file work.cif (mmCIF, C-alpha atoms and all ligand atoms)
data_query
loop_
_atom_site.label_atom_id
_atom_site.label_comp_id
_atom_site.auth_asym_id
_atom_site.auth_seq_id
_atom_site.Cartn_x
_atom_site.Cartn_y
_atom_site.Cartn_z
CA MET S 29 0.00 0.00 0.00
CA LYS S 30 2.81 2.36 1.04
CA ARG S 31 4.67 1.54 -2.18
CA LEU S 32 1.58 2.29 -4.23
CA LEU S 33 1.23 5.69 -2.57
CA ILE S 34 4.90 6.49 -3.16
CA LEU S 35 4.44 5.60 -6.83
CA ALA S 36 1.17 7.52 -7.10
CA ILE S 37 2.52 10.80 -5.71
CA PRO S 38 5.09 11.44 -8.48
CA LEU S 39 2.45 10.42 -11.07
CA CYS S 40 -0.01 13.00 -9.68
CA LEU S 41 2.71 15.61 -9.54
CA SER S 42 3.78 15.05 -13.11
CA ALA S 43 0.13 15.19 -14.26
CA SER S 44 -0.39 18.55 -12.58
CA VAL S 45 2.93 19.88 -13.89
CA MET S 46 1.89 18.78 -17.37
CA ALA S 47 -1.50 20.50 -17.02
CA ALA S 48 0.22 23.69 -15.87
CA GLN S 49 2.56 23.48 -18.88
CA ALA S 50 -0.20 23.06 -21.46
CA PRO S 51 0.41 25.83 -23.99
CA VAL S 52 -2.11 28.61 -23.63
CA GLY S 53 -2.63 30.98 -26.54
CA ILE S 54 -5.05 33.43 -28.12
CA VAL S 55 -5.60 34.92 -31.57
CA ILE S 56 -7.91 37.85 -32.30
CA HIS S 57 -9.10 39.68 -35.40
CA GLY S 58 -10.73 43.02 -36.06
CA GLY S 59 -11.98 42.33 -39.57
CA ALA S 60 -10.53 41.69 -43.02
CA GLY S 61 -10.86 43.79 -46.14
CA THR S 62 -9.29 46.37 -48.38
CA ILE S 63 -7.22 48.14 -45.79
CA ASP S 64 -5.29 50.74 -47.77
CA ARG S 65 -1.87 51.38 -46.26
CA SER S 66 -1.51 54.69 -48.10
CA LYS S 67 -4.80 56.03 -46.72
CA MET S 68 -4.07 55.15 -43.10
CA THR S 69 -2.27 57.77 -41.01
CA ASP S 70 0.34 56.74 -38.44
CA GLU S 71 -2.04 57.84 -35.71
CA GLN S 72 -4.86 55.64 -37.04
CA ARG S 73 -2.52 52.67 -37.36
CA GLN S 74 -1.29 53.18 -33.80
CA ASN S 75 -4.87 53.36 -32.53
CA TYR S 76 -5.76 50.07 -34.18
CA GLU S 77 -2.58 48.41 -32.95
CA ALA S 78 -3.07 49.71 -29.40
CA THR S 79 -6.62 48.35 -29.20
CA LEU S 80 -5.64 44.98 -30.69
CA THR S 81 -2.73 44.78 -28.23
CA LYS S 82 -4.99 45.61 -25.29
CA ALA S 83 -7.51 42.93 -26.29
CA VAL S 84 -4.95 40.19 -26.94
CA ASN S 85 -3.05 40.97 -23.74
CA GLN S 86 -6.14 40.94 -21.54
CA GLY S 87 -7.19 37.60 -23.01
CA TYR S 88 -3.71 36.13 -22.66
CA GLU S 89 -3.19 37.29 -19.08
CA LEU S 90 -6.46 35.66 -18.12
CA LEU S 91 -5.33 32.39 -19.73
CA ALA S 92 -1.86 32.57 -18.16
CA ALA S 93 -3.50 32.94 -14.74
CA GLY S 94 -5.34 29.66 -15.34
CA GLY S 95 -8.58 31.16 -16.68
CA SER S 96 -10.75 29.40 -19.25
CA SER S 97 -10.62 29.90 -23.00
CA LEU S 98 -14.31 30.81 -22.82
CA ASP S 99 -13.60 33.71 -20.44
CA ALA S 100 -10.59 34.78 -22.52
CA VAL S 101 -12.42 35.00 -25.87
CA ALA S 102 -15.40 36.75 -24.27
CA LEU S 103 -13.09 39.30 -22.63
CA ALA S 104 -11.04 40.00 -25.77
CA VAL S 105 -14.18 40.43 -27.89
CA THR S 106 -15.74 42.74 -25.29
CA VAL S 107 -12.66 45.02 -25.46
CA LEU S 108 -13.02 45.19 -29.26
CA GLU S 109 -16.81 45.71 -29.06
CA ASP S 110 -16.26 48.71 -26.79
CA SER S 111 -13.97 50.38 -29.32
CA PRO S 112 -15.48 52.56 -32.08
CA LEU S 113 -12.75 51.36 -34.45
CA PHE S 114 -14.31 47.99 -35.24
CA ASN S 115 -17.59 46.89 -36.79
CA ALA S 116 -18.96 45.32 -33.62
CA GLY S 117 -20.59 46.81 -30.55
CA LYS S 118 -19.86 50.56 -30.43
CA GLY S 119 -18.52 50.79 -34.00
CA ALA S 120 -21.24 48.70 -35.68
CA VAL S 121 -22.11 49.60 -39.27
CA TYR S 122 -25.46 51.08 -40.34
CA THR S 123 -28.35 49.22 -41.90
CA TRP S 124 -30.10 50.65 -44.97
CA ASP S 125 -32.62 52.24 -42.57
CA GLU S 126 -29.84 54.04 -40.64
CA THR S 127 -30.08 51.83 -37.57
CA HIS S 128 -27.79 49.11 -36.22
CA GLU S 129 -28.51 45.37 -35.96
CA LEU S 130 -25.84 43.28 -34.28
CA ASP S 131 -24.98 39.56 -34.49
CA ALA S 132 -22.68 37.49 -32.24
CA ALA S 133 -21.80 33.89 -31.36
CA ILE S 134 -19.67 31.96 -28.92
CA MET S 135 -18.74 28.27 -28.74
CA THR S 136 -16.81 25.98 -26.42
CA GLY S 137 -14.77 23.07 -27.78
CA GLN S 138 -15.00 20.58 -24.93
CA ASP S 139 -18.76 20.10 -25.24
CA ARG S 140 -19.57 21.90 -28.52
CA ASN S 141 -21.93 24.09 -26.59
CA ALA S 142 -22.86 27.31 -28.38
CA GLY S 143 -24.88 30.49 -28.08
CA ALA S 144 -25.74 33.02 -30.77
CA VAL S 145 -27.82 36.17 -31.26
CA ALA S 146 -28.93 37.91 -34.42
CA SER S 147 -30.34 41.36 -35.21
CA VAL S 148 -30.20 42.80 -31.71
CA THR S 149 -30.47 46.57 -31.51
CA ASN S 150 -29.97 47.60 -27.88
CA VAL S 151 -27.45 45.28 -26.24
CA LYS S 152 -24.13 47.00 -25.53
CA ASN S 153 -22.07 43.81 -25.75
CA PRO S 154 -23.78 41.21 -27.95
CA ILE S 155 -21.05 38.66 -27.17
CA LEU S 156 -22.18 38.62 -23.53
CA LEU S 157 -25.74 37.99 -24.69
CA ALA S 158 -24.54 35.11 -26.91
CA ARG S 159 -22.77 33.67 -23.88
CA ALA S 160 -25.93 34.02 -21.77
CA VAL S 161 -27.91 32.18 -24.46
CA MET S 162 -25.38 29.35 -24.26
CA GLU S 163 -25.21 29.19 -20.48
CA LYS S 164 -28.64 30.30 -19.32
CA SER S 165 -31.10 29.11 -21.96
CA ASP S 166 -32.05 25.83 -23.62
CA HIS S 167 -31.40 27.33 -27.04
CA VAL S 168 -28.53 28.03 -29.40
CA MET S 169 -29.81 31.10 -31.28
CA LEU S 170 -32.16 33.93 -30.32
CA THR S 171 -33.10 36.78 -32.63
CA GLY S 172 -34.44 40.34 -32.58
CA LYS S 173 -37.01 41.36 -29.99
CA GLY S 174 -36.98 37.99 -28.22
CA ALA S 175 -33.22 38.12 -27.82
CA GLU S 176 -33.56 41.63 -26.40
CA GLN S 177 -36.20 40.47 -23.89
CA PHE S 178 -33.82 37.72 -22.83
CA ALA S 179 -30.99 40.28 -22.48
CA ALA S 180 -33.17 42.39 -20.18
CA ALA S 181 -34.09 39.32 -18.12
CA GLN S 182 -30.38 38.52 -17.79
CA GLN S 183 -29.74 42.09 -16.66
CA LEU S 184 -27.23 42.75 -19.41
CA GLU S 185 -26.38 46.37 -20.14
CA LEU S 186 -28.87 47.87 -22.61
CA VAL S 187 -28.30 51.04 -24.65
CA ASP S 188 -30.26 53.19 -27.07
CA ASN S 189 -29.58 52.22 -30.70
CA SER S 190 -27.96 55.66 -31.19
CA TYR S 191 -25.11 54.52 -28.88
CA PHE S 192 -23.75 52.70 -31.97
CA ASN S 193 -23.75 55.86 -34.16
CA THR S 194 -20.39 56.94 -35.57
CA GLU S 195 -19.67 59.53 -38.26
CA PHE S 196 -17.23 57.27 -40.09
CA ARG S 197 -19.76 54.43 -40.46
CA PHE S 198 -22.50 56.87 -41.53
CA GLU S 199 -20.28 58.06 -44.38
CA ALA S 200 -19.78 54.42 -45.38
CA LEU S 201 -23.56 53.95 -45.48
CA LYS S 202 -24.01 56.97 -47.73
CA ARG S 203 -21.39 55.60 -50.12
CA ALA S 204 -22.95 52.14 -50.10
CA LYS S 205 -26.41 53.57 -50.79
CA GLN S 206 -25.13 55.58 -53.74
CA ALA S 207 -23.50 52.47 -55.18
CA GLN S 208 -26.72 50.46 -54.84
CA GLN S 209 -29.21 53.18 -55.77
CA PRO S 210 -30.42 51.79 -59.13
CA VAL S 211 -31.86 48.61 -57.62
CA PRO S 212 -33.28 49.51 -54.21
CA HIS S 213 -35.72 46.58 -54.29
CA GLN S 214 -32.94 44.01 -54.40
CA ALA S 215 -31.12 42.68 -51.36
CA LEU S 216 -27.72 43.46 -52.83
CA ILE S 217 -24.90 43.67 -50.37
CA THR S 218 -21.82 44.41 -52.37
CA PRO S 219 -18.95 45.47 -50.16
CA ASP S 220 -17.41 48.81 -51.06
CA PRO S 221 -13.87 47.88 -52.13
CA ASN S 222 -12.44 50.63 -49.94
CA TRP S 223 -14.42 49.59 -46.95
CA LYS S 224 -12.80 47.96 -43.96
CA MET S 225 -15.12 45.28 -42.74
CA GLY S 226 -14.15 45.30 -39.07
CA THR S 227 -16.02 42.36 -37.53
CA VAL S 228 -14.20 41.14 -34.41
CA GLY S 229 -13.37 37.69 -33.09
CA ALA S 230 -11.15 35.63 -30.80
CA VAL S 231 -10.08 32.00 -30.49
CA ALA S 232 -8.13 30.56 -27.56
CA ILE S 233 -6.76 27.45 -25.88
CA ASP S 234 -6.51 27.28 -22.10
CA SER S 235 -4.30 25.30 -19.72
CA GLN S 236 -6.85 22.48 -19.68
CA GLY S 237 -6.54 22.17 -23.46
CA ASN S 238 -10.05 23.51 -23.99
CA LEU S 239 -10.76 25.56 -27.10
CA ALA S 240 -13.25 28.41 -27.53
CA ALA S 241 -14.28 30.80 -30.30
CA ALA S 242 -16.22 34.08 -30.23
CA THR S 243 -17.26 36.48 -33.01
CA SER S 244 -19.26 39.74 -32.97
CA THR S 245 -20.36 42.08 -35.78
CA GLY S 246 -22.64 44.84 -36.98
CA GLY S 247 -22.93 42.84 -40.20
CA MET S 248 -22.56 44.50 -43.58
CA THR S 249 -23.17 48.17 -44.35
CA ALA S 250 -26.59 48.90 -45.87
CA LYS S 251 -28.01 45.48 -45.04
CA ARG S 252 -31.82 45.29 -45.24
CA TRP S 253 -34.82 43.18 -44.46
CA GLY S 254 -33.39 41.58 -41.36
CA ARG S 255 -30.34 40.22 -43.18
CA VAL S 256 -28.26 37.96 -40.90
CA GLY S 257 -24.69 37.06 -41.80
CA ASP S 258 -22.38 34.17 -40.98
CA VAL S 259 -21.26 35.28 -37.54
CA PRO S 260 -24.15 33.76 -35.52
CA VAL S 261 -24.39 30.70 -37.80
CA ILE S 262 -22.45 28.04 -35.93
CA GLY S 263 -20.01 26.38 -38.32
CA ALA S 264 -20.00 29.32 -40.75
CA GLY S 265 -18.35 32.24 -38.92
CA THR S 266 -17.77 30.65 -35.51
CA PHE S 267 -16.81 27.10 -34.49
CA ALA S 268 -14.91 25.23 -31.76
CA ASP S 269 -14.29 21.52 -31.21
CA ASN S 270 -11.55 20.15 -28.94
CA SER S 271 -10.98 17.28 -31.35
CA SER S 272 -9.65 19.69 -33.99
CA CYS S 273 -9.67 23.48 -33.74
CA ALA S 274 -11.49 26.73 -33.03
CA VAL S 275 -12.18 29.31 -35.75
CA SER S 276 -13.56 32.85 -35.97
CA GLY S 277 -14.16 34.36 -39.40
CA THR S 278 -14.65 37.74 -41.01
CA GLY S 279 -15.65 38.61 -44.52
CA HIS S 280 -18.55 38.41 -46.94
CA GLY S 281 -20.95 36.45 -44.75
CA GLU S 282 -23.10 35.01 -47.50
CA TYR S 283 -20.06 33.07 -48.77
CA PHE S 284 -19.03 31.99 -45.29
CA ILE S 285 -22.51 30.53 -44.76
CA ARG S 286 -22.64 28.74 -48.12
CA TYR S 287 -19.13 27.31 -47.72
CA ASN S 288 -19.51 26.53 -44.03
CA VAL S 289 -16.04 28.00 -43.64
CA ALA S 290 -15.28 27.61 -39.92
CA SER S 291 -16.37 24.00 -39.57
CA ASP S 292 -14.89 23.05 -42.95
CA ILE S 293 -11.44 24.07 -41.65
CA CYS S 294 -11.83 21.98 -38.49
CA THR S 295 -13.26 19.04 -40.45
CA ARG S 296 -10.17 18.98 -42.67
CA VAL S 297 -7.97 19.01 -39.56
CA LYS S 298 -9.96 16.18 -37.99
CA TYR S 299 -10.46 13.83 -40.94
CA GLN S 300 -7.69 14.73 -43.37
CA GLY S 301 -4.98 15.18 -40.73
CA LYS S 302 -4.06 18.62 -42.08
CA THR S 303 -2.52 21.23 -39.83
CA ALA S 304 -4.94 24.01 -38.95
CA ALA S 305 -2.78 26.53 -40.83
CA VAL S 306 -2.86 24.49 -44.06
CA ALA S 307 -6.58 23.74 -43.74
CA ALA S 308 -7.30 27.45 -43.21
CA ASP S 309 -5.16 28.45 -46.21
CA ASN S 310 -6.91 25.92 -48.43
CA VAL S 311 -10.44 26.88 -47.40
CA ILE S 312 -9.75 30.62 -47.72
CA ALA S 313 -8.16 30.09 -51.15
CA GLU S 314 -11.19 28.08 -52.30
CA LEU S 315 -13.47 30.80 -50.93
CA LEU S 316 -11.74 33.38 -53.12
CA GLU S 317 -12.12 31.13 -56.17
CA ALA S 318 -15.85 31.11 -55.43
CA GLY S 319 -15.86 34.93 -55.21
CA GLY S 320 -15.84 35.32 -51.42
CA THR S 321 -13.43 37.61 -49.61
CA GLY S 322 -12.40 37.44 -45.97
CA GLY S 323 -10.23 35.68 -43.45
CA VAL S 324 -10.09 33.49 -40.37
CA ILE S 325 -8.13 33.09 -37.16
CA VAL S 326 -7.52 29.56 -35.90
CA VAL S 327 -6.13 27.75 -32.86
CA ASP S 328 -5.74 23.98 -32.94
CA ASN S 329 -5.83 21.54 -30.05
CA LYS S 330 -2.02 21.50 -29.81
CA GLY S 331 -1.96 25.25 -29.30
CA GLU S 332 -0.78 26.23 -32.79
CA LEU S 333 -2.01 29.74 -33.62
CA SER S 334 -2.61 30.78 -37.22
CA TRP S 335 -4.58 32.97 -39.58
CA ALA S 336 -5.38 33.12 -43.26
CA PHE S 337 -7.05 35.78 -45.40
CA ASN S 338 -7.48 36.60 -49.07
CA THR S 339 -7.82 40.39 -48.67
CA PRO S 340 -5.09 43.05 -48.65
CA GLY S 341 -5.31 43.23 -44.89
CA MET S 342 -6.82 41.87 -41.71
CA TYR S 343 -6.57 43.48 -38.28
CA ARG S 344 -5.08 40.70 -36.19
CA ALA S 345 -2.98 39.80 -33.16
CA LYS S 346 -1.86 36.65 -31.38
CA ARG S 347 -0.03 35.82 -28.20
CA ASN S 348 1.43 32.69 -26.65
CA HIS S 349 4.64 31.77 -24.79
CA GLU S 350 6.63 32.77 -27.89
CA GLY S 351 5.44 36.36 -27.67
CA THR S 352 2.98 38.80 -29.23
CA VAL S 353 2.39 39.60 -32.89
CA VAL S 354 0.14 42.50 -33.98
CA GLU S 355 -0.39 43.07 -37.72
CA ILE S 356 -2.75 44.85 -40.10
CA PHE S 357 -1.54 44.54 -43.69
CA SER S 358 -0.71 41.38 -45.60
CA LYS S 359 2.95 40.65 -45.96
CA ALA S 360 4.35 39.74 -49.36
CA GLY S 361 3.96 36.03 -49.89
CA GLU S 362 2.35 35.52 -46.52
CA LYS S 363 -0.56 33.19 -46.37
CA THR S 364 -0.78 32.42 -42.67
CA GLY S 365 0.37 33.97 -39.44
CA LYS S 366 2.71 31.08 -38.68
N1 LIG S 401 -19.00 38.45 -41.78
C1 LIG S 401 -19.74 39.63 -41.44
C2 LIG S 401 -21.13 39.51 -42.02
O1 LIG S 401 -21.25 39.11 -43.15
C3 LIG S 401 -19.12 40.89 -41.91
C4 LIG S 401 -17.65 41.06 -41.62
O2 LIG S 401 -16.97 40.12 -41.29
O3 LIG S 401 -17.15 42.17 -41.70
O4 LIG S 401 -22.06 39.86 -41.37
#

call {"tool": "encode", "arguments": {"input": "work.cif", "output": "structure tokens", "more": "lines below"}}
Ligand code: ASP
result
Amino acid sequence: MKRLLILAIPLCLSASVMAAQAPVGIVIHGGAGTIDRSKMTDEQRQNYEATLTKAVNQGYELLAAGGSSLDAVALAVTVLEDSPLFNAGKGAVYTWDETHELDAAIMTGQDRNAGAVASVTNVKNPILLARAVMEKSDHVMLTGKGAEQFAAAQQLELVDNSYFNTEFRFEALKRAKQAQQPVPHQALITPDPNWKMGTVGAVAIDSQGNLAAATSTGGMTAKRWGRVGDVPVIGAGTFADNSSCAVSGTGHGEYFIRYNVASDICTRVKYQGKTAAVAADNVIAELLEAGGTGGVIVVDNKGELSWAFNTPGMYRAKRNHEGTVVEIFSKAGEKTGK
């Protein structure tokens, strides 16, 4: 008996040391699109980089202190939602009717639990509402007025829709309306080539090896008729499964839905044995062939952090034990963040 105990103690110790050494990491994005280097001032670039750095650091510090990937992605996305720079929360784009309708989703990899909200107009941080749907309801997705009633019942912070007004996004709406003027009866959502999309997202792995993904957006400028994009569609813009990877996407949502982008990447990792970086590159390249623009951030279940995008830029940052990387523009020849 004594011998068994003596043997068991080092085994327990090595198990806990191993758990403590599991590589934690986080990747975030603030949208992909035509981000024109020549049109961005140094001050603007610094503002974007500072906010990305703040979000990735807060998420990483939480993970390094033993926090869960779920808490880390929710925290990082909340920081980005509170910034007017990104198309989520405070900086959400305008609908055709000059209002704001926000979508968000969150997913945990250990149990494939998920929560999503679509077309909410008065919730300050839609990602927190998505999390409440996952944790406090029997459902995966709530929309519109019902989602807002649930937010009030959960005592989440509510704001007037005008809280999301920004001059910069209003100008983008005016440009989008001019471009679409001849066919106002059609649900055309053609992204302005000079428009930075700005959806936000985060993926993370914690010291328990659990993955999580979170994405939040105002959708696409000038959207109409209750249009909902890929972000709250689990498997399209947001996905997490401990057996493969966690993904958050940004781009032309209609393509992400049709090509099931986030879960396609993880499926290739799981069944084709591809690395997450290669799977992401392949899926994003195929998306472009189909006419869809955008990008993804990915973390796999070994802690490898990567990204892929087919646009001139994607606001992005990652942090693990190797350090922090914050980038905006694509680098010549770069396909992933590895
Ligand atoms: N994917 C988002 C949507 O289609 C937009 C974006 O990523 O900027 O709603």

call {"tool": "atom_distance", "arguments": {"input": "work.cif", "atom1": "atom CA of Leu108 of chain S", "atom2": "atom CA of Leu80 of chain S"}}
result
7.5 Å

call {"tool": "closest_atom_pairs", "arguments": {"input": "work.cif", "of": "chain S", "to": "ligand LIG 401 (chain S)", "cutoff": "10 Å", "atoms": "all atoms listed in the file", "output": "tab-separated table"}}
result
residue	atom	partner	partner_atom	distance
S:His57	CA	S:LIG401	O2	9.8
S:Gly58	CA	S:LIG401	O3	8.6
S:Gly59	CA	S:LIG401	O3	5.6
S:Ala60	CA	S:LIG401	O3	6.8
S:Gly61	CA	S:LIG401	O3	7.9
S:Phe114	CA	S:LIG401	O3	9.1
S:Asn115	CA	S:LIG401	O3	6.8
S:Ala116	CA	S:LIG401	O3	8.9
S:Ala120	CA	S:LIG401	O3	9.8
S:Val121	CA	S:LIG401	O3	9.3
S:Leu130	CA	S:LIG401	O4	8.7
S:Asp131	CA	S:LIG401	O4	7.5
S:Ala132	CA	S:LIG401	O4	9.5
S:Ala146	CA	S:LIG401	O4	10.0
S:Ile217	CA	S:LIG401	O1	9.3
S:Pro219	CA	S:LIG401	O3	9.3
S:Trp223	CA	S:LIG401	O3	9.5
S:Lys224	CA	S:LIG401	O3	7.6
S:Met225	CA	S:LIG401	O3	3.9
S:Gly226	CA	S:LIG401	O3	5.1
S:Thr227	CA	S:LIG401	O3	4.3
S:Val228	CA	S:LIG401	O2	7.5
S:Gly229	CA	S:LIG401	O2	9.3
S:Thr243	CA	S:LIG401	O2	9.0
S:Ser244	CA	S:LIG401	C1	8.5
S:Thr245	CA	S:LIG401	C1	6.2
S:Gly246	CA	S:LIG401	O4	6.7
S:Gly247	CA	S:LIG401	O4	3.3
S:Met248	CA	S:LIG401	O4	5.2
S:Thr249	CA	S:LIG401	C3	8.7
S:Lys251	CA	S:LIG401	O4	9.0
S:Arg255	CA	S:LIG401	O4	8.5
S:Val256	CA	S:LIG401	O4	6.5
S:Gly257	CA	S:LIG401	O4	3.9
S:Asp258	CA	S:LIG401	N1	5.5
S:Val259	CA	S:LIG401	N1	5.8
S:Pro260	CA	S:LIG401	O4	8.7
S:Ala264	CA	S:LIG401	N1	9.2
S:Gly265	CA	S:LIG401	N1	6.9
S:Ser276	CA	S:LIG401	O2	9.6
S:Gly277	CA	S:LIG401	O2	6.7
S:Thr278	CA	S:LIG401	O2	3.3
S:Gly279	CA	S:LIG401	O2	3.8
S:His280	CA	S:LIG401	O1	4.7
S:Gly281	CA	S:LIG401	O1	3.1
S:Glu282	CA	S:LIG401	O1	6.3
S:Tyr283	CA	S:LIG401	O1	8.3
S:Phe284	CA	S:LIG401	N1	7.4
S:Ile285	CA	S:LIG401	O1	8.8
S:Thr321	CA	S:LIG401	O2	9.4
S:Gly322	CA	S:LIG401	O2	7.1
S:Gly323	CA	S:LIG401	O2	8.4
S:Val324	CA	S:LIG401	O2	9.6

call {"tool": "atom_distance", "arguments": {"input": "work.cif", "atom1": "atom CA of Thr136 of chain S", "atom2": "atom CA of Asn238 of chain S"}}
result
7.6 Å

call {"tool": "closest_residue", "arguments": {"input": "work.cif", "among": "S:Ala345, S:Leu333, S:Leu170, S:Ala268", "to": "Asp292 of chain S", "atoms": "all atoms listed in the file"}}
result
S:Ala268

call {"tool": "atom_distance", "arguments": {"input": "work.cif", "atom1": "atom CA of Gly263 of chain S", "atom2": "atom CA of Leu157 of chain S"}}
result
18.8 Å

call {"tool": "closest_residue", "arguments": {"input": "work.cif", "among": "S:Leu103, S:Ala274, S:Val151, S:Ile325", "to": "Leu239 of chain S", "atoms": "only C-alpha atoms"}}
result
S:Ala274

call {"tool": "residues_around", "arguments": {"input": "work.cif", "residues": "Phe198 of chain S", "least_positions_apart": "5", "cutoff": "12 Å", "atoms": "only C-alpha atoms", "output": "ChimeraX atom specification"}}
result
/S:119-128,190,192-193,203-205,249-250

call {"tool": "residues_around", "arguments": {"input": "work.cif", "residues": "Phe357 of chain S", "least_positions_apart": "3", "cutoff": "8 Å", "atoms": "all atoms listed in the file", "output": "list in words"}}
result
Ile63, Arg65, Pro340, Gly341, Met342 and Tyr343 of chain S

call {"tool": "residues_around", "arguments": {"input": "work.cif", "residues": "Phe178 of chain S", "least_positions_apart": "6", "cutoff": "12 Å", "atoms": "all atoms listed in the file", "output": "VMD selection string"}}
result
chain S and resid 145 148 150 to 151 154 156 to 162 164 to 165 167 169 to 172 184 to 186

call {"tool": "write_last_selection", "arguments": {"input": "work.cif", "atoms": "C-alpha atoms", "output": "compact mmCIF listing (two decimals), keeping the file's coordinate frame"}}
result
# COMPACT_ATOMS: atom_id res chain seq x y z
CA VAL S 145 -27.82 36.17 -31.26
CA VAL S 148 -30.20 42.80 -31.71
CA ASN S 150 -29.97 47.60 -27.88
CA VAL S 151 -27.45 45.28 -26.24
CA PRO S 154 -23.78 41.21 -27.95
CA LEU S 156 -22.18 38.62 -23.53
CA LEU S 157 -25.74 37.99 -24.69
CA ALA S 158 -24.54 35.11 -26.91
CA ARG S 159 -22.77 33.67 -23.88
CA ALA S 160 -25.93 34.02 -21.77
CA VAL S 161 -27.91 32.18 -24.46
CA MET S 162 -25.38 29.35 -24.26
CA LYS S 164 -28.64 30.30 -19.32
CA SER S 165 -31.10 29.11 -21.96
CA HIS S 167 -31.40 27.33 -27.04
CA MET S 169 -29.81 31.10 -31.28
CA LEU S 170 -32.16 33.93 -30.32
CA THR S 171 -33.10 36.78 -32.63
CA GLY S 172 -34.44 40.34 -32.58
CA LEU S 184 -27.23 42.75 -19.41
CA GLU S 185 -26.38 46.37 -20.14
CA LEU S 186 -28.87 47.87 -22.61

call {"tool": "residues_around", "arguments": {"input": "work.cif", "residues": "Ala305 of chain S", "least_positions_apart": "3", "cutoff": "12 Å", "atoms": "all atoms listed in the file", "output": "compact mmCIF listing (two decimals) with C-alpha atoms, keeping the file's coordinate frame"}}
result
# COMPACT_ATOMS: atom_id res chain seq x y z
CA SER S 272 -9.65 19.69 -33.99
CA CYS S 273 -9.67 23.48 -33.74
CA ALA S 274 -11.49 26.73 -33.03
CA VAL S 275 -12.18 29.31 -35.75
CA ILE S 293 -11.44 24.07 -41.65
CA CYS S 294 -11.83 21.98 -38.49
CA ARG S 296 -10.17 18.98 -42.67
CA VAL S 297 -7.97 19.01 -39.56
CA GLY S 301 -4.98 15.18 -40.73
CA LYS S 302 -4.06 18.62 -42.08
CA ALA S 308 -7.30 27.45 -43.21
CA ASP S 309 -5.16 28.45 -46.21
CA ASN S 310 -6.91 25.92 -48.43
CA VAL S 311 -10.44 26.88 -47.40
CA ILE S 312 -9.75 30.62 -47.72
CA VAL S 324 -10.09 33.49 -40.37
CA ILE S 325 -8.13 33.09 -37.16
CA VAL S 326 -7.52 29.56 -35.90
CA VAL S 327 -6.13 27.75 -32.86
CA ASP S 328 -5.74 23.98 -32.94
CA GLY S 331 -1.96 25.25 -29.30
CA GLU S 332 -0.78 26.23 -32.79
CA LEU S 333 -2.01 29.74 -33.62
CA SER S 334 -2.61 30.78 -37.22
CA TRP S 335 -4.58 32.97 -39.58
CA ALA S 336 -5.38 33.12 -43.26
CA PHE S 337 -7.05 35.78 -45.40
CA GLU S 362 2.35 35.52 -46.52
CA LYS S 363 -0.56 33.19 -46.37
CA THR S 364 -0.78 32.42 -42.67
CA GLY S 365 0.37 33.97 -39.44
CA LYS S 366 2.71 31.08 -38.68

call {"tool": "axis_aligned_box", "arguments": {"input": "work.cif", "around": "segment 99-111 of chain S", "padding_each_side": "3 Å", "output": "AutoDock Vina command-line options"}}
result
--center_x -13.7 --center_y 42.0 --center_z -24.9 --size_x 12.2 --size_y 22.7 --size_z 14.9

call {"tool": "closest_residue", "arguments": {"input": "work.cif", "among": "S:Lys330, S:Thr194, S:Gln206, S:Ala318", "to": "Gly237 of chain S", "atoms": "only C-alpha atoms"}}
result
S:Lys330

call {"tool": "residues_near_point", "arguments": {"input": "work.cif", "point": "(-4.5, 32.3, -30.2)", "cutoff": "6 Å", "atoms": "only C-alpha atoms", "output": "MDAnalysis selection string"}}
result
chainID S and resid 53:55 231:232 327 333 346

call {"tool": "closest_residue", "arguments": {"input": "work.cif", "among": "S:Val168, S:Ala179, S:Ile356, S:Leu91", "to": "Ala240 of chain S", "atoms": "all atoms listed in the file"}}
result
S:Leu91

call {"tool": "closest_residue", "arguments": {"input": "work.cif", "among": "S:Thr352, S:Ser291, S:Gln177, S:Gln138", "to": "Gln236 of chain S", "atoms": "all atoms listed in the file"}}
result
S:Gln138

call {"tool": "closest_residue", "arguments": {"input": "work.cif", "among": "S:Gly319, S:Thr79, S:Lys67, S:Phe267", "to": "Arg286 of chain S", "atoms": "all atoms listed in the file"}}
result
S:Gly319

call {"tool": "decode", "arguments": {"input": "work.cif", "residues": "segment 262-266 of chain S", "atoms": "N, CA, C and O atoms", "output": "compact mmCIF listing (two decimals), in the first residue's frame"}}
result
# COMPACT_ATOMS: atom_id res chain seq x y z
N ILE S 262 -23.51 28.91 -36.44
CA ILE S 262 -22.45 28.04 -35.93
C ILE S 262 -21.94 27.16 -37.06
O ILE S 262 -22.72 26.53 -37.79
N GLY S 263 -20.61 27.14 -37.22
CA GLY S 263 -20.01 26.38 -38.32
C GLY S 263 -19.66 27.26 -39.51
O GLY S 263 -18.81 26.90 -40.32
N ALA S 264 -20.30 28.42 -39.62
CA ALA S 264 -20.00 29.32 -40.75
C ALA S 264 -18.94 30.34 -40.32
O ALA S 264 -17.82 30.31 -40.82
N GLY S 265 -19.30 31.22 -39.35
CA GLY S 265 -18.35 32.24 -38.92
C GLY S 265 -17.73 31.94 -37.57
O GLY S 265 -16.77 32.62 -37.17
N THR S 266 -18.24 30.95 -36.87
CA THR S 266 -17.77 30.65 -35.51
C THR S 266 -17.86 29.15 -35.29
O THR S 266 -18.89 28.54 -35.59
